[in-house]
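S.K.: Pasting in a structure now, in structure tokens, and then I'll have a few things to ask.
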Amino acid sequence: MAETLIGIDVGGTKIEGTLVDRFGHVLDTYKVPARSGNECVVEDVVTVARHLSDEALPVGIGIPGRVDTAHGMVWDVVNLGILELPLAEEVSSQLGSDVRVVNDVNAAALGASAALASGDVGNDALEVMAFLNLGTGLAAGVTRYGKLDHGFSGALGEIGHIPVDPNQLPCPCGQRGCLETIGSGKGLRELWPQANPAMPDIIAHCEQGDEHAQEVLAKVMHAIGDALQIITQTYDPHIIVIGGGISKTGEPLLQAISKEMTRRASSSHFIETIDIPSRLRLAPSGVPIGAIGAAMSLLS
């Protein structure tokens, strides 16, 4: 394995790449706007990789949707218009590199786990860590002692498409009431189009007594609260790291989530005892954990 690696995070709005060493230290970064469609995604990934190095370095790619890591296949990337794409094969054929493809949230989970392990959390607390991505979409990734859980078919953590939200809004995946239709960046923009980013503006208006903002925040927190309960009650992680664009709201977001979970705990001793707020952490600010994790997946 080469001493330097390329990690690429394919998101709904941008494709971000990093050149890292084997310890995950970032040596260079580059990003381009995301475009929809198979050909555009492949072209943009290749462009980012070539900008980072003119050598045929190993490339790890994190991408939304259902991923078969063993074969580098990707399905149902609804926010990028991809139904099926042999991503590893197509990128490898153009770069002449070894290519590994993982789900983007799994990549971010791996990057977050590495970042926390190097901090003051300690390895014992990372026996089971979950990463909740509140980005363009909503999904989760899970690590055990720094190693990813992939599941059988690659659908592990795709909780954004669990159709339990009472608002029953249509989802691009073909269902109604998916958590992602409310508790995601895309959902927020639909509910609160007057500001971008939406979450800080919603919280600010709530503090000013804006009733519409309070209604919107209640809807969003209900969806996020459901997502957190699903994660906690299925994986029982020591720590849940919240990442994605919405997480950049910072402490006010954690306060809003804690208020929602406290509300639920007030009528449920069970929810009170699993103490979800104590498990929450924000993803490290300014660190491209998705791209870093994609690169580090090459070593796992």
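In the structure tokens, chains take letters A, B, ... by order of appearance, with residues numbered from 1 within each chain and ligands from 1 in the order shown.
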Counting only C-alpha atoms, which residues of range 85-166 of chain A fall within 12 Å of range 51-65 of chain A, and what is the closest atom pair for each with its distance in Å at one decimal, ordered by chain and rising number, as CSV?
M.R.:
```
residue,atom,partner,partner_atom,distance
A:Leu85,CA,A:Gly65,CA,10.7
A:Leu87,CA,A:Ile61,CA,8.9
A:Ala88,CA,A:Ile61,CA,8.4
A:Glu89,CA,A:Val59,CA,11.8
A:Val91,CA,A:Val59,CA,9.0
A:Ser92,CA,A:Val59,CA,8.6
A:Ser93,CA,A:Ala56,CA,10.9
A:Gln94,CA,A:Ala56,CA,9.9
A:Leu95,CA,A:Ala56,CA,6.2
A:Gly96,CA,A:Ala56,CA,5.9
A:Ser97,CA,A:Ala56,CA,4.9
A:Asp98,CA,A:Pro58,CA,4.8
A:Val99,CA,A:Val59,CA,4.8
A:Arg100,CA,A:Gly60,CA,4.8
A:Val101,CA,A:Ile61,CA,4.7
A:Val102,CA,A:Gly62,CA,4.9
A:Asn103,CA,A:Ile63,CA,5.0
A:Asp104,CA,A:Gly62,CA,3.9
A:Val105,CA,A:Pro64,CA,7.1
A:Asn106,CA,A:Gly62,CA,7.6
A:Ala107,CA,A:Gly62,CA,5.6
A:Ala108,CA,A:Gly62,CA,8.1
A:Ala109,CA,A:Gly62,CA,10.7
A:Leu110,CA,A:Gly62,CA,10.6
A:Gly111,CA,A:Gly62,CA,11.0
A:Asn133,CA,A:Pro64,CA,10.8
A:Gly135,CA,A:Pro64,CA,10.8
A:Thr136,CA,A:Pro64,CA,10.0
A:Gly137,CA,A:Pro64,CA,8.6
A:Leu138,CA,A:Pro64,CA,9.9
A:Ala139,CA,A:Pro64,CA,8.9
A:Ala140,CA,A:Pro64,CA,10.9
A:Gly141,CA,A:Pro64,CA,11.4
A:Ser153,CA,A:Gly65,CA,11.4
A:Gly154,CA,A:Gly65,CA,8.6
A:Ala155,CA,A:Gly65,CA,8.0
A:Leu156,CA,A:Gly65,CA,10.4
A:Gly157,CA,A:Gly65,CA,10.2
A:Glu158,CA,A:Gly65,CA,7.9
A:Ile159,CA,A:Gly65,CA,11.3
A:Gly160,CA,A:Gly65,CA,10.7
A:His161,CA,A:Gly65,CA,10.6
```
S.K.: When you look at Arg35 in chain A with a cut-off of 12 Å (counting only C-alpha atoms), what residues show up, excluding the ones that are within fewer than 6 positions of it in the same chain? I need them as a list in words.
M.R.: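 The filter keeps Val10, Gly11, Gly12, Thr13, Lys14, Ile15, Val41, Val42, Glu43, Asp44, Val45, Asn79, Leu80, Gly81 and Ile82 of chain A.
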S.K.: Could you build a table of the residues in range 207-297 of chain A lying no more than 8 Å from range 176-182 of chain A, giving for each the nearest pair of atoms and their separation in Å rounded to one decimal place, using only C-alpha atoms, ordered by chain and ascending residue number, as a tab-separated table?
M.R.:
```
residue	atom	partner	partner_atom	distance
A:Lys219	CA	A:Ile182	CA	7.1
A:Val220	CA	A:Ile182	CA	5.7
A:Ala223	CA	A:Leu179	CA	5.7
A:Ile224	CA	A:Leu179	CA	7.8
A:Asp226	CA	A:Leu179	CA	7.9
A:Ala227	CA	A:Leu179	CA	7.3
```
S.K.: Could you turn the residues from that selection into a file that holds N, CA, C and O atoms, as a CSV table (one decimal), in the first residue's frame?
M.R.:
```
chain,number,residue,atom,x,y,z
A,219,LYS,N,-41.2,20.0,14.2
A,219,LYS,CA,-41.2,18.9,13.2
A,219,LYS,C,-39.9,18.3,13.0
A,219,LYS,O,-39.7,17.1,13.0
A,220,VAL,N,-38.9,19.1,12.9
A,220,VAL,CA,-37.5,18.7,12.6
A,220,VAL,C,-36.9,17.9,13.8
A,220,VAL,O,-36.3,16.8,13.6
A,223,ALA,N,-38.3,14.4,14.0
A,223,ALA,CA,-37.7,13.4,13.1
A,223,ALA,C,-36.3,13.1,13.6
A,223,ALA,O,-35.9,11.9,13.5
A,224,ILE,N,-35.5,14.1,14.0
A,224,ILE,CA,-34.2,13.8,14.5
A,224,ILE,C,-34.3,12.9,15.8
A,224,ILE,O,-33.5,12.0,16.0
A,226,ASP,N,-36.6,10.7,16.5
A,226,ASP,CA,-36.9,9.4,16.0
A,226,ASP,C,-35.6,8.7,15.5
A,226,ASP,O,-35.4,7.5,15.8
A,227,ALA,N,-34.8,9.4,14.8
A,227,ALA,CA,-33.6,8.8,14.3
A,227,ALA,C,-32.6,8.4,15.4
A,227,ALA,O,-32.0,7.3,15.4
```
S.K.: Going by DSSP on the backbone, which residues of range 162-287 of chain A come out as strand (DSSP E or B)? List them as a list in words.
M.R.: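 Of range 162-287 of chain A, the ones in strand (DSSP E or B) are Pro163, Pro170, Arg176, Cys178, Ile239, Ile240, Val241, Ile242, Gly243, Leu280, Arg281 and Leu282 of chain A.
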S.K.: Take CA of Ala218 in chain A and CA of Tyr235 in chain A and report the distance between them in Å, one decimal.
M.R.: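 Interatomic distance here is 25.4 Å.
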S.K.: If I take CA of Glu90 in chain A and CA of Leu148 in chain A, how far is one from the other in Å, to one decimal?
M.R.: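 Pair CA of Glu90 in chain A / CA of Leu148 in chain A returns 24.3 Å.
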S.K.: Go through range 23-181 of chain A and collect every residue that DSSP, computed from the backbone, puts in alpha helix (DSSP H); the answer should be as a PyMOL selection string.
M.R.: chain A and resi 38-52+87-95+104-117
S.K.: For the selection just defined, write its residues with N, CA, C and O atoms to a file, as a short mmCIF file (atom, residue, chain, number, x, y, z; two decimals), in the first residue's frame.
M.R.:
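selection_35.cif was written with the following content:
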```cif
data_model
loop_
_atom_site.label_atom_id
_atom_site.label_comp_id
_atom_site.auth_asym_id
_atom_site.auth_seq_id
_atom_site.Cartn_x
_atom_site.Cartn_y
_atom_site.Cartn_z
N ASN A 38 -24.67 9.32 -13.63
CA ASN A 38 -23.52 8.42 -13.56
C ASN A 38 -22.25 9.03 -14.15
O ASN A 38 -21.19 9.04 -13.52
N GLU A 39 -22.35 9.50 -15.38
CA GLU A 39 -21.17 10.00 -16.07
C GLU A 39 -20.56 11.20 -15.36
O GLU A 39 -19.33 11.31 -15.25
N CYS A 40 -21.40 12.10 -14.88
CA CYS A 40 -20.89 13.29 -14.21
C CYS A 40 -20.19 12.94 -12.89
O CYS A 40 -19.14 13.50 -12.57
N VAL A 41 -20.77 12.02 -12.13
CA VAL A 41 -20.16 11.64 -10.85
C VAL A 41 -18.79 11.00 -11.09
O VAL A 41 -17.81 11.35 -10.42
N VAL A 42 -18.71 10.08 -12.04
CA VAL A 42 -17.43 9.45 -12.35
C VAL A 42 -16.42 10.50 -12.81
O VAL A 42 -15.26 10.54 -12.36
N GLU A 43 -16.84 11.37 -13.71
CA GLU A 43 -15.95 12.40 -14.23
C GLU A 43 -15.43 13.30 -13.13
O GLU A 43 -14.23 13.64 -13.09
N ASP A 44 -16.31 13.70 -12.20
CA ASP A 44 -15.90 14.62 -11.14
C ASP A 44 -14.97 13.93 -10.14
O ASP A 44 -14.03 14.55 -9.63
N VAL A 45 -15.23 12.68 -9.83
CA VAL A 45 -14.34 11.93 -8.92
C VAL A 45 -12.94 11.83 -9.53
O VAL A 45 -11.93 12.04 -8.84
N VAL A 46 -12.88 11.50 -10.81
CA VAL A 46 -11.59 11.39 -11.50
C VAL A 46 -10.87 12.74 -11.50
O VAL A 46 -9.66 12.82 -11.27
N THR A 47 -11.61 13.81 -11.75
CA THR A 47 -11.02 15.15 -11.75
C THR A 47 -10.40 15.49 -10.41
O THR A 47 -9.27 16.00 -10.33
N VAL A 48 -11.13 15.21 -9.32
CA VAL A 48 -10.62 15.50 -7.98
C VAL A 48 -9.37 14.68 -7.69
O VAL A 48 -8.36 15.20 -7.18
N ALA A 49 -9.41 13.39 -8.02
CA ALA A 49 -8.25 12.53 -7.76
C ALA A 49 -7.02 13.00 -8.52
O ALA A 49 -5.91 13.05 -7.98
N ARG A 50 -7.21 13.36 -9.79
CA ARG A 50 -6.08 13.80 -10.61
C ARG A 50 -5.52 15.14 -10.13
O ARG A 50 -4.32 15.41 -10.27
N HIS A 51 -6.39 15.99 -9.58
CA HIS A 51 -5.91 17.27 -9.06
C HIS A 51 -5.02 17.03 -7.83
O HIS A 51 -4.04 17.76 -7.62
N LEU A 52 -5.37 16.03 -7.02
CA LEU A 52 -4.63 15.77 -5.78
C LEU A 52 -3.30 15.08 -6.03
O LEU A 52 -2.35 15.25 -5.26
N LEU A 87 -19.03 1.96 -9.72
CA LEU A 87 -18.17 3.13 -9.51
C LEU A 87 -16.69 2.76 -9.43
O LEU A 87 -15.85 3.41 -10.04
N ALA A 88 -16.36 1.72 -8.67
CA ALA A 88 -14.95 1.35 -8.52
C ALA A 88 -14.34 0.98 -9.87
O ALA A 88 -13.24 1.42 -10.22
N GLU A 89 -15.07 0.20 -10.65
CA GLU A 89 -14.57 -0.24 -11.96
C GLU A 89 -14.33 0.94 -12.89
O GLU A 89 -13.29 1.03 -13.56
N GLU A 90 -15.29 1.86 -12.94
CA GLU A 90 -15.18 2.97 -13.89
C GLU A 90 -14.08 3.96 -13.49
O GLU A 90 -13.34 4.46 -14.34
N VAL A 91 -13.97 4.24 -12.19
CA VAL A 91 -12.92 5.15 -11.75
C VAL A 91 -11.55 4.50 -11.90
O VAL A 91 -10.58 5.13 -12.35
N SER A 92 -11.44 3.23 -11.53
CA SER A 92 -10.17 2.52 -11.64
C SER A 92 -9.68 2.45 -13.09
O SER A 92 -8.48 2.61 -13.36
N SER A 93 -10.60 2.26 -14.02
CA SER A 93 -10.20 2.15 -15.42
C SER A 93 -9.62 3.45 -15.95
O SER A 93 -8.77 3.44 -16.85
N GLN A 94 -10.07 4.59 -15.39
CA GLN A 94 -9.56 5.87 -15.85
C GLN A 94 -8.28 6.31 -15.13
O GLN A 94 -7.42 6.96 -15.70
N LEU A 95 -8.16 5.92 -13.85
CA LEU A 95 -7.01 6.35 -13.07
C LEU A 95 -5.89 5.32 -13.04
O LEU A 95 -4.74 5.67 -12.74
N ASP A 104 -21.01 6.82 2.10
CA ASP A 104 -20.42 8.07 2.57
C ASP A 104 -20.55 8.27 4.06
O ASP A 104 -19.63 8.79 4.71
N VAL A 105 -21.66 7.84 4.63
CA VAL A 105 -21.83 8.00 6.07
C VAL A 105 -20.94 7.02 6.82
O VAL A 105 -20.40 7.33 7.89
N ASN A 106 -20.74 5.82 6.26
CA ASN A 106 -19.79 4.89 6.85
C ASN A 106 -18.38 5.47 6.83
O ASN A 106 -17.62 5.33 7.80
N ALA A 107 -18.04 6.13 5.72
CA ALA A 107 -16.74 6.77 5.65
C ALA A 107 -16.61 7.85 6.72
O ALA A 107 -15.58 7.95 7.41
N ALA A 108 -17.64 8.67 6.87
CA ALA A 108 -17.62 9.72 7.89
C ALA A 108 -17.53 9.12 9.29
O ALA A 108 -16.85 9.66 10.17
N ALA A 109 -18.23 8.00 9.50
CA ALA A 109 -18.16 7.33 10.80
C ALA A 109 -16.74 6.87 11.09
O ALA A 109 -16.23 7.02 12.21
N LEU A 110 -16.07 6.33 10.08
CA LEU A 110 -14.70 5.88 10.25
C LEU A 110 -13.78 7.06 10.54
O LEU A 110 -12.90 7.00 11.41
N GLY A 111 -13.99 8.18 9.83
CA GLY A 111 -13.19 9.37 10.07
C GLY A 111 -13.45 9.96 11.45
O GLY A 111 -12.51 10.39 12.13
N ALA A 112 -14.71 9.97 11.88
CA ALA A 112 -15.04 10.50 13.20
C ALA A 112 -14.47 9.62 14.30
O ALA A 112 -13.97 10.12 15.32
N SER A 113 -14.53 8.31 14.11
CA SER A 113 -13.98 7.38 15.10
C SER A 113 -12.48 7.61 15.27
O SER A 113 -11.97 7.64 16.39
N ALA A 114 -11.78 7.79 14.15
CA ALA A 114 -10.34 8.05 14.22
C ALA A 114 -10.05 9.36 14.94
O ALA A 114 -9.12 9.45 15.75
N ALA A 115 -10.87 10.39 14.65
CA ALA A 115 -10.67 11.69 15.29
C ALA A 115 -10.92 11.62 16.79
O ALA A 115 -10.17 12.18 17.59
N LEU A 116 -11.97 10.91 17.20
CA LEU A 116 -12.29 10.80 18.62
C LEU A 116 -11.26 9.95 19.36
O LEU A 116 -10.90 10.24 20.50
N ALA A 117 -10.79 8.89 18.72
CA ALA A 117 -9.82 8.01 19.36
C ALA A 117 -8.51 8.74 19.65
O ALA A 117 -7.82 8.41 20.60
#
```
S.K.: From the options A:Gly17, A:Pro33, A:Gly293, A:Pro172, which residue's atoms come nearest to Asp76 in chain A, counting only C-alpha atoms?
M.R.: A:Pro172
S.K.: Kindly give the distance, in Å, that separates CA of Gly146 in chain A and CA of Phe23 in chain A, rounded to a single decimal.
M.R.: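 For CA of Gly146 in chain A relative to CA of Phe23 in chain A, the distance reads 13.3 Å.
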S.K.: Find, counting only C-alpha atoms, the residue in A:Gly174, A:Pro252, A:Gly225, A:Gly245 that gets nearest to Pro197 in chain A.
M.R.: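 Once distances to Pro197 in chain A are computed over only C-alpha atoms, the minimum belongs to A:Gly245.
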S.K.: Determine, counting only C-alpha atoms, which protein, DNA and RNA residues have an atom within 8 Å of an atom of Met221 in chain A; residues of the same chain fewer than 6 positions away are not included. Present the result as an MDAnalysis selection string.
M.R.: chainID A and resid 183 256:257 260
S.K.: From the options A:Met129, A:Met296, A:Ala265, A:His222, which residue's atoms come nearest to Leu280 in chain A, counting only C-alpha atoms?
M.R.: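 Of A:Met129, A:Met296, A:Ala265, A:His222, the one nearest Leu280 in chain A, counting only C-alpha atoms, is A:Met129.
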S.K.: Using only C-alpha atoms, which residues sit within 8 Å of Gly24 in chain A once same-chain residues fewer than 4 positions away are excluded, as a ChimeraX atom specification?
M.R.: /A:20,292,295-296
S.K.: Identify, on the basis of only C-alpha atoms, every residue whose closest approach to Thr249 in chain A does not exceed 10 Å; exclude the query and any residue fewer than 2 positions from it along the same chain; express the result as a VMD selection string.
M.R.: chain A and resid 197 to 201 203 245 to 247 251 to 254 282
S.K.: Can those selected residues be exported to a file as a PDB file, in the first residue's frame so that it contains C-alpha atoms?
M.R.:
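Contents of out24.pdb, freshly written:
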```
ATOM      1  CA  PRO A 197     -28.325  27.582   6.296  1.00  0.00           C
ATOM      2  CA  ALA A 198     -31.789  27.132   7.722  1.00  0.00           C
ATOM      3  CA  MET A 199     -31.281  25.660  11.187  1.00  0.00           C
ATOM      4  CA  PRO A 200     -29.498  28.623  12.864  1.00  0.00           C
ATOM      5  CA  ASP A 201     -32.134  30.976  11.419  1.00  0.00           C
ATOM      6  CA  ILE A 203     -33.549  28.627  16.162  1.00  0.00           C
ATOM      7  CA  GLY A 245     -24.237  20.414   7.360  1.00  0.00           C
ATOM      8  CA  ILE A 246     -26.899  20.791  10.043  1.00  0.00           C
ATOM      9  CA  SER A 247     -24.343  19.908  12.742  1.00  0.00           C
ATOM     10  CA  GLU A 251     -24.332  23.849  20.588  1.00  0.00           C
ATOM     11  CA  PRO A 252     -27.776  25.360  19.866  1.00  0.00           C
ATOM     12  CA  LEU A 253     -28.556  22.215  17.850  1.00  0.00           C
ATOM     13  CA  LEU A 254     -27.500  19.951  20.731  1.00  0.00           C
ATOM     14  CA  LEU A 282     -20.708  17.123  17.514  1.00  0.00           C
TER      15      LEU A 282
END
```
